[in-house]
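model07.txt follows; it contains compact mmCIF, C-alpha atoms.
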```txt
# COMPACT_ATOMS: atom_id res chain seq x y z
CA MET A 3 9.36 -31.54 3.15
CA ILE A 4 7.66 -28.46 4.62
CA PRO A 5 4.09 -27.91 3.32
CA HIS A 6 3.42 -25.03 0.95
CA CYS A 7 2.89 -21.82 2.98
CA VAL A 8 1.93 -18.29 1.98
CA PHE A 9 1.91 -15.43 4.48
CA GLY A 10 0.97 -11.77 4.60
CA LYS A 11 1.24 -9.13 7.28
CA ALA A 12 0.45 -5.59 8.43
CA ILE A 13 2.72 -4.67 11.35
CA ASN A 14 2.40 -1.48 13.41
CA HIS A 15 -0.16 -0.39 10.82
CA GLY A 16 -1.61 3.08 10.68
CA PRO A 17 -0.47 6.69 11.01
CA GLY A 18 2.24 7.66 13.45
CA VAL A 19 3.37 4.16 14.37
CA GLU A 20 6.95 4.27 13.06
CA GLY A 21 8.07 3.49 16.59
CA GLY A 22 5.49 0.76 17.18
CA PHE A 23 6.16 -1.97 19.72
CA ASP A 24 5.07 -4.99 17.66
CA ALA A 25 7.34 -7.30 15.67
CA PHE A 26 6.78 -10.13 13.19
CA GLN A 27 9.29 -12.61 11.85
CA ALA A 28 8.95 -15.49 9.37
CA GLN A 29 11.41 -18.23 8.53
CA PRO A 30 9.58 -20.22 5.83
CA THR A 31 12.43 -22.69 5.29
CA GLN A 32 12.04 -23.73 8.93
CA GLY A 33 8.25 -23.38 8.93
CA LEU A 34 8.41 -20.85 11.78
CA TYR A 35 6.31 -17.69 12.23
CA ALA A 36 6.04 -15.40 15.27
CA LEU A 37 4.32 -12.17 16.31
CA CYS A 38 5.43 -10.34 19.46
CA ASP A 39 3.86 -7.32 21.15
CA GLY A 40 6.22 -5.38 23.41
CA ALA A 41 4.69 -3.70 26.44
CA ASN A 42 4.13 -0.08 25.41
CA SER A 43 4.72 1.19 28.94
CA CYS A 44 8.26 -0.25 29.10
CA LEU A 45 11.19 1.57 27.51
CA GLY A 46 12.95 -0.69 25.03
CA SER A 47 10.12 -3.19 24.63
CA GLY A 48 9.95 -2.58 20.88
CA ARG A 49 13.57 -3.70 20.46
CA ALA A 50 12.97 -6.61 22.83
CA ALA A 51 9.97 -7.75 20.77
CA ILE A 52 12.05 -7.69 17.59
CA TRP A 53 14.80 -9.72 19.28
CA LEU A 54 12.32 -12.27 20.64
CA ALA A 55 10.59 -12.74 17.27
CA GLU A 56 13.95 -13.20 15.55
CA GLN A 57 15.22 -15.68 18.12
CA ILE A 58 12.14 -17.91 18.20
CA THR A 59 12.08 -18.18 14.39
CA GLN A 60 15.80 -18.95 14.14
CA THR A 61 15.78 -21.39 16.98
CA ALA A 62 17.69 -24.41 15.66
CA GLU A 63 18.92 -26.11 12.54
CA THR A 64 16.76 -29.11 13.43
CA ALA A 65 13.58 -27.01 13.33
CA GLY A 66 13.19 -27.87 9.66
CA ARG A 67 12.81 -31.55 10.59
CA VAL A 68 11.23 -31.77 14.04
CA PHE A 69 9.02 -29.62 16.26
CA ILE A 70 10.85 -27.13 18.43
CA ASP A 71 10.37 -27.67 22.15
CA SER A 72 8.54 -24.37 22.42
CA ARG A 73 8.09 -24.48 26.19
CA ALA A 74 11.79 -25.00 26.89
CA ARG A 75 12.88 -22.53 24.22
CA VAL A 76 10.56 -19.77 25.44
CA VAL A 77 11.77 -20.19 29.03
CA GLU A 78 15.36 -20.00 27.78
CA LEU A 79 14.66 -16.78 25.87
CA HIS A 80 12.76 -15.39 28.87
CA GLU A 81 15.87 -15.82 31.02
CA GLN A 82 18.07 -14.18 28.39
CA MET A 83 15.71 -11.21 28.05
CA LEU A 84 15.73 -10.60 31.79
CA THR A 85 19.44 -9.84 31.40
CA GLN A 86 19.63 -8.33 27.92
CA PHE A 87 16.41 -6.29 28.04
CA PRO A 88 15.70 -5.40 31.68
CA VAL A 89 12.50 -3.48 32.47
CA THR A 90 10.82 -4.80 29.30
CA ALA A 91 8.18 -7.42 28.53
CA SER A 92 6.55 -8.96 25.48
CA THR A 93 3.82 -11.31 24.35
CA LEU A 94 4.56 -14.15 21.94
CA ILE A 95 2.35 -16.09 19.55
CA GLY A 96 4.04 -18.59 17.29
CA LEU A 97 3.38 -21.20 14.65
CA HIS A 98 5.60 -24.11 13.60
CA VAL A 99 4.58 -25.87 10.38
CA ARG A 100 5.93 -29.41 10.00
CA PRO A 101 5.30 -32.24 7.51
CA LEU A 102 3.25 -34.15 10.10
CA GLY A 103 1.26 -31.18 11.41
CA LEU A 104 1.25 -27.83 13.20
CA ARG A 105 2.39 -26.61 16.59
CA LEU A 106 0.93 -23.41 18.07
CA PHE A 107 2.43 -21.72 21.13
CA SER A 108 1.68 -18.53 23.03
CA VAL A 109 2.30 -16.34 26.07
CA GLY A 110 0.29 -13.22 26.88
CA ASP A 111 -2.78 -11.55 25.41
CA SER A 112 -2.01 -11.57 21.68
CA GLN A 113 -4.39 -13.83 19.77
CA LEU A 114 -3.62 -16.84 17.57
CA THR A 115 -6.53 -18.61 15.88
CA LEU A 116 -6.56 -21.55 13.50
CA TYR A 117 -9.13 -21.98 10.71
CA GLN A 118 -10.01 -24.67 8.17
CA PRO A 119 -12.18 -24.46 5.03
CA ASN A 120 -15.81 -25.17 5.76
CA ARG A 121 -16.58 -28.48 4.07
CA TRP A 122 -20.22 -27.43 3.64
CA SER A 123 -19.39 -24.20 1.80
CA ARG A 124 -17.43 -23.43 -1.34
CA LYS A 125 -15.86 -20.31 0.20
CA SER A 126 -16.25 -19.96 3.95
CA TRP A 127 -13.89 -20.94 6.77
CA LYS A 128 -14.58 -22.28 10.26
CA LYS A 129 -12.70 -21.55 13.44
CA ILE A 130 -11.00 -24.64 14.86
CA HIS A 131 -9.02 -23.34 17.84
CA THR A 132 -7.93 -20.13 19.58
CA MET A 133 -4.92 -20.24 21.88
CA PRO A 134 -5.59 -19.28 25.54
CA LEU A 135 -5.31 -15.61 26.44
CA ASP A 136 -3.46 -14.63 29.61
CA ILE A 137 -5.64 -11.81 31.00
CA ASP A 138 -6.25 -10.83 34.62
CA GLU A 139 -9.45 -9.48 36.21
CA ASN A 140 -8.51 -5.92 35.14
CA GLY A 141 -8.06 -6.85 31.50
CA HIS A 142 -4.25 -6.71 31.64
CA PRO A 143 -1.85 -9.50 30.64
CA SER A 144 -1.42 -11.92 33.54
CA GLN A 145 1.97 -13.06 32.25
CA LEU A 146 4.54 -11.84 29.74
CA ILE A 147 7.96 -12.96 28.59
CA ALA A 148 10.74 -11.05 30.42
CA SER A 149 8.29 -9.88 33.08
CA GLU A 150 8.39 -10.90 36.73
CA ILE A 151 5.82 -13.60 36.01
CA LEU A 152 6.05 -16.39 33.44
CA HIS A 153 4.18 -19.45 34.66
CA THR A 154 2.81 -21.18 31.54
CA VAL A 155 3.83 -21.50 27.90
CA HIS A 156 0.70 -22.63 26.07
CA GLN A 157 1.26 -25.22 23.35
CA GLN A 158 -1.14 -27.11 21.09
CA ASP A 159 -0.46 -29.55 18.24
CA PHE A 160 -2.68 -30.31 15.24
CA PRO A 161 -2.29 -33.07 12.65
CA ALA A 162 -1.68 -32.47 8.97
CA ALA A 163 -4.84 -31.60 7.01
CA PRO A 164 -5.35 -30.46 3.42
CA THR A 165 -5.55 -26.75 4.29
CA TRP A 166 -5.05 -24.61 7.41
CA LEU A 167 -5.04 -20.84 7.91
CA ALA A 168 -3.57 -19.18 11.00
CA VAL A 169 -4.59 -15.66 12.06
CA LEU A 170 -2.09 -13.85 14.33
CA MET A 171 -3.10 -10.56 15.97
CA SER A 172 -1.70 -8.28 18.65
CA ASP A 173 -4.21 -7.50 21.37
CA GLY A 174 -5.21 -4.13 19.86
CA PRO A 175 -6.94 -5.42 16.73
CA ALA A 176 -8.01 -8.60 18.54
CA LYS A 177 -10.20 -6.48 20.83
CA TYR A 178 -11.84 -4.61 17.94
CA LEU A 179 -12.24 -7.28 15.26
CA SER A 180 -15.10 -9.74 15.70
CA ASP A 181 -15.09 -13.34 14.51
CA ALA A 182 -17.55 -12.22 11.84
CA ALA A 183 -15.11 -9.58 10.56
CA ILE A 184 -12.29 -12.12 10.34
CA GLU A 185 -14.49 -14.67 8.61
CA ALA A 186 -15.74 -12.06 6.13
CA ALA A 187 -12.13 -11.29 5.20
CA LEU A 188 -11.29 -14.98 4.79
CA LEU A 189 -14.37 -15.36 2.57
CA ARG A 190 -12.50 -13.24 0.03
CA ILE A 191 -9.84 -15.95 -0.18
CA GLY A 192 -12.42 -18.66 -0.56
CA HIS A 193 -10.85 -22.06 -1.09
CA ASN A 194 -8.34 -20.72 -3.59
CA THR A 195 -4.57 -20.50 -3.21
CA PRO A 196 -3.83 -16.88 -2.16
CA SER A 197 -0.72 -14.92 -3.07
CA ALA A 198 1.40 -13.03 -0.54
CA ASN A 199 -0.07 -9.82 -1.98
CA ASP A 200 -3.59 -11.13 -1.37
CA LEU A 201 -2.82 -11.84 2.27
CA ASP A 202 -0.99 -8.51 2.73
CA TYR A 203 -4.09 -6.75 1.40
CA LEU A 204 -6.42 -8.63 3.73
CA CYS A 205 -4.19 -7.88 6.73
CA GLN A 206 -4.08 -4.18 5.85
CA SER A 207 -7.84 -4.11 5.33
CA LEU A 208 -8.47 -5.73 8.72
CA ALA A 209 -5.98 -3.34 10.34
CA ASP A 210 -7.82 -0.37 8.82
CA GLU A 211 -11.10 -1.81 10.11
CA ALA A 212 -9.67 -2.05 13.65
CA LEU A 213 -8.43 1.55 13.49
CA ALA A 214 -11.80 2.74 12.20
CA ALA A 215 -13.50 0.93 15.08
CA GLY A 216 -11.46 2.97 17.56
CA CYS A 217 -8.29 0.95 18.24
CA ARG A 218 -5.49 3.20 19.49
CA ASP A 219 -3.00 0.49 20.34
CA ASP A 220 -0.37 -0.80 17.93
CA VAL A 221 -2.22 -2.69 15.17
CA SER A 222 -0.51 -5.80 13.83
CA LEU A 223 -1.88 -8.85 12.00
CA ALA A 224 -0.44 -11.74 10.03
CA LEU A 225 -2.09 -14.52 8.03
CA VAL A 226 -0.35 -17.82 7.28
CA TRP A 227 -2.04 -20.09 4.71
CA ILE A 228 -0.86 -23.72 4.76
CA ARG A 229 -1.49 -26.42 2.16
CA TYR A 230 -0.51 -30.04 2.65
CA GLU A 231 -0.08 -31.74 -0.73
```

Using structure tokens, write down the structure from this file.
Amino acid sequence: MIPHCVFGKAINHGPGVEGGFDAFQAQPTQGLYALCDGANSCLGSGRAAIWLAEQITQTAETAGRVFIDSRARVVELHEQMLTQFPVTASTLIGLHVRPLGLRLFSVGDSQLTLYQPNRWSRKSWKKIHTMPLDIDENGHPSQLIASEILHTVHQQDFPAAPTWLAVLMSDGPAKYLSDAAIEAALLRIGHNTPSANDLDYLCQSLADEALAAGCRDDVSLALVWIRYE
């Protein structure tokens, strides 16, 4: 049985972003969540990001029982995108929640971080792991799905624990939101069970904070709260 999950999101948040290039998809019955950031400089990358997020979260009927082979699946989708969406590219950060634990996977410069409640505090959270970022010496993504270069699909597994919280961000807000800002937002959850509305509100608040700090890129965030009974 899949653990109890609650998620919230703010995708392409802010004024004038109706045509934003980010996409988020959730398939709670399969325990799959994904955020993709299409390359803004490539025509059609917004549609490609939507397609990629949909495909990775609807990957197989068996996903509800076993971990997806994220490396093989991402390479397969990369090859399909080269044909279906030429001259596009996208990042991918994904989370697969299973009865025995979590699998995180990523490509590109979007940011996926995992938190747990701080055992020494009644409210605060501590950062456990951030997936590697693919960034070159000029600050640009060093690899993207459907680009000329895809050399590594990052993957990391974590065992079941009472409570996890995953923070997914496109690179825009990730550059403008500090760890302290994220942790201050999570402090408002405390160690309680949040609602989807609670997490939507926190995502929108963090997105507004990134915009106020000067972010001009597409601003997208998602929070996934996980409780193992």

If we count only C-alpha atoms, what is near Ala176 of chain A at a cut-off of 10 Å, once residues fewer than 2 positions away on the same chain are taken out, given as a PyMOL selection string? chain A and resi 111-114+170-174+178-181+184+209+212+217+221-223

Rounded to one decimal place, report the atom CA of Thr115 of chain A-atom CA of Phe87 of chain A distance in Å. 28.7 Å

Which of A:Val169, A:Leu104, A:Ile130, A:Ala50 sits closest to Ile147 of chain A [using all atoms listed in the file]: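 Looking at the shortest contact to Ile147 of chain A, the residue is A:Ala50.
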
Which residues are close to Ala186 of chain A, i.e. within 12 Å by all atoms listed in the file, leaving aside same-chain residues fewer than 3 positions away? Reply as a PyMOL selection string. chain A and resi 125-128+179-183+189-192+204+207-208+211

Write the selection just made, keeping C-alpha atoms, as a short mmCIF file (atom, residue, chain, number, x, y, z; two decimals), in the frame of the given file?
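Full text of part-v1.cif as output:
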```
data_model
loop_
_atom_site.label_atom_id
_atom_site.label_comp_id
_atom_site.auth_asym_id
_atom_site.auth_seq_id
_atom_site.Cartn_x
_atom_site.Cartn_y
_atom_site.Cartn_z
CA LYS A 125 -15.86 -20.31 0.20
CA SER A 126 -16.25 -19.96 3.95
CA TRP A 127 -13.89 -20.94 6.77
CA LYS A 128 -14.58 -22.28 10.26
CA LEU A 179 -12.24 -7.28 15.26
CA SER A 180 -15.10 -9.74 15.70
CA ASP A 181 -15.09 -13.34 14.51
CA ALA A 182 -17.55 -12.22 11.84
CA ALA A 183 -15.11 -9.58 10.56
CA LEU A 189 -14.37 -15.36 2.57
CA ARG A 190 -12.50 -13.24 0.03
CA ILE A 191 -9.84 -15.95 -0.18
CA GLY A 192 -12.42 -18.66 -0.56
CA LEU A 204 -6.42 -8.63 3.73
CA SER A 207 -7.84 -4.11 5.33
CA LEU A 208 -8.47 -5.73 8.72
CA GLU A 211 -11.10 -1.81 10.11
#
```

So which residues are close to (-2.3, -16.6, 5.1), meaning at most 7 Å away in the file's coordinates with only C-alpha atoms counted, and can you show them as a list in words?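 Every polymer residue passing the test: Val8, Phe9, Gly10, Leu167, Ala168, Leu201, Leu225, Val226 and Trp227 of chain A.
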
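Shortest separation to Ala28 of chain A among A:Pro175, A:Pro164, A:Gly96, A:Pro196 occurs at residue A:Gly96, atoms counted being all atoms listed in the file.
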
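The interatomic distance for the pair atom CA of Thr165 of chain A and atom CA of Pro119 of chain A works out to 7.1 Å.
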
What does the structure give for the distance between atom CA of Ser123 of chain A and atom CA of Thr195 of chain A, in Å to one decimal?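 We find that atom CA of Ser123 of chain A and atom CA of Thr195 of chain A lie 16.1 Å from each other.
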
The residue from A:Ser47, A:Ser72, A:Gln158, A:Gln206 with the smallest atom-to-atom distance to Pro134 of chain A, counting all atoms listed in the file, is A:Gln158

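Among the candidates A:Ile52, A:Ala148, A:Ala74, A:Ala41, the one nearest to Pro88 of chain A when counting all atoms listed in the file is A:Ala148.
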
Contacts of Lys129 of chain A at 7 Å (all atoms listed in the file; same-chain gap of 6+ positions) as a PyMOL selection string: chain A and resi 116-118

Sel. within 12 Å of pt (15.1, -0.8, 32.8), counting only C-alpha atoms, output as an mmCIF file with C-alpha atoms, in the coordinates of the input:
```
data_model
loop_
_atom_site.group_PDB
_atom_site.id
_atom_site.type_symbol
_atom_site.label_atom_id
_atom_site.label_comp_id
_atom_site.auth_asym_id
_atom_site.auth_seq_id
_atom_site.Cartn_x
_atom_site.Cartn_y
_atom_site.Cartn_z
ATOM 1 C CA SER A 43 4.720 1.190 28.940
ATOM 2 C CA CYS A 44 8.260 -0.250 29.100
ATOM 3 C CA LEU A 45 11.190 1.570 27.510
ATOM 4 C CA GLY A 46 12.950 -0.690 25.030
ATOM 5 C CA SER A 47 10.120 -3.190 24.630
ATOM 6 C CA ALA A 50 12.970 -6.610 22.830
ATOM 7 C CA MET A 83 15.710 -11.210 28.050
ATOM 8 C CA LEU A 84 15.730 -10.600 31.790
ATOM 9 C CA THR A 85 19.440 -9.840 31.400
ATOM 10 C CA GLN A 86 19.630 -8.330 27.920
ATOM 11 C CA PHE A 87 16.410 -6.290 28.040
ATOM 12 C CA PRO A 88 15.700 -5.400 31.680
ATOM 13 C CA VAL A 89 12.500 -3.480 32.470
ATOM 14 C CA THR A 90 10.820 -4.800 29.300
ATOM 15 C CA ALA A 91 8.180 -7.420 28.530
ATOM 16 C CA ALA A 148 10.740 -11.050 30.420
ATOM 17 C CA SER A 149 8.290 -9.880 33.080
#
```

Under the rule that only C-alpha atoms are counted, which of A:Asp202, A:Cys38, A:Gly48, A:Ile4 is the nearest residue to Ala224 of chain A?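 Smallest distance to Ala224 of chain A is found for A:Asp202.
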
Can you work out which one of A:Tyr230, A:Trp166, A:Trp53, A:Phe107 has the shortest atom-to-atom distance to His80 of chain A, counting only C-alpha atoms?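 The answer is A:Trp53, which sits nearest to His80 of chain A.
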
Show which residues sit within 12 Å of Ile151 of chain A, as a PyMOL selection string. Count all atoms listed in the file, and ignore same-chain residues fewer than 5 positions away. chain A and resi 77+80-81+84+91-92+109-110+136+143-146

Store the residues of this selection in a file with C-alpha atoms, as a short mmCIF file (atom, residue, chain, number, x, y, z; two decimals), keeping the file's coordinate frame.
```cif
data_model
loop_
_atom_site.label_atom_id
_atom_site.label_comp_id
_atom_site.auth_asym_id
_atom_site.auth_seq_id
_atom_site.Cartn_x
_atom_site.Cartn_y
_atom_site.Cartn_z
CA VAL A 77 11.77 -20.19 29.03
CA HIS A 80 12.76 -15.39 28.87
CA GLU A 81 15.87 -15.82 31.02
CA LEU A 84 15.73 -10.60 31.79
CA ALA A 91 8.18 -7.42 28.53
CA SER A 92 6.55 -8.96 25.48
CA VAL A 109 2.30 -16.34 26.07
CA GLY A 110 0.29 -13.22 26.88
CA ASP A 136 -3.46 -14.63 29.61
CA PRO A 143 -1.85 -9.50 30.64
CA SER A 144 -1.42 -11.92 33.54
CA GLN A 145 1.97 -13.06 32.25
CA LEU A 146 4.54 -11.84 29.74
#
```

As JSON, please: the centre and edge lengths in Å, to one decimal, of an axis-aligned box enclosing every listed atom of segment 192-209 of chain A with 3 Å added on each side.
```
{"center_x": -5.5, "center_y": -12.7, "center_z": 3.4, "size_x": 19.8, "size_y": 24.7, "size_z": 19.9}
```
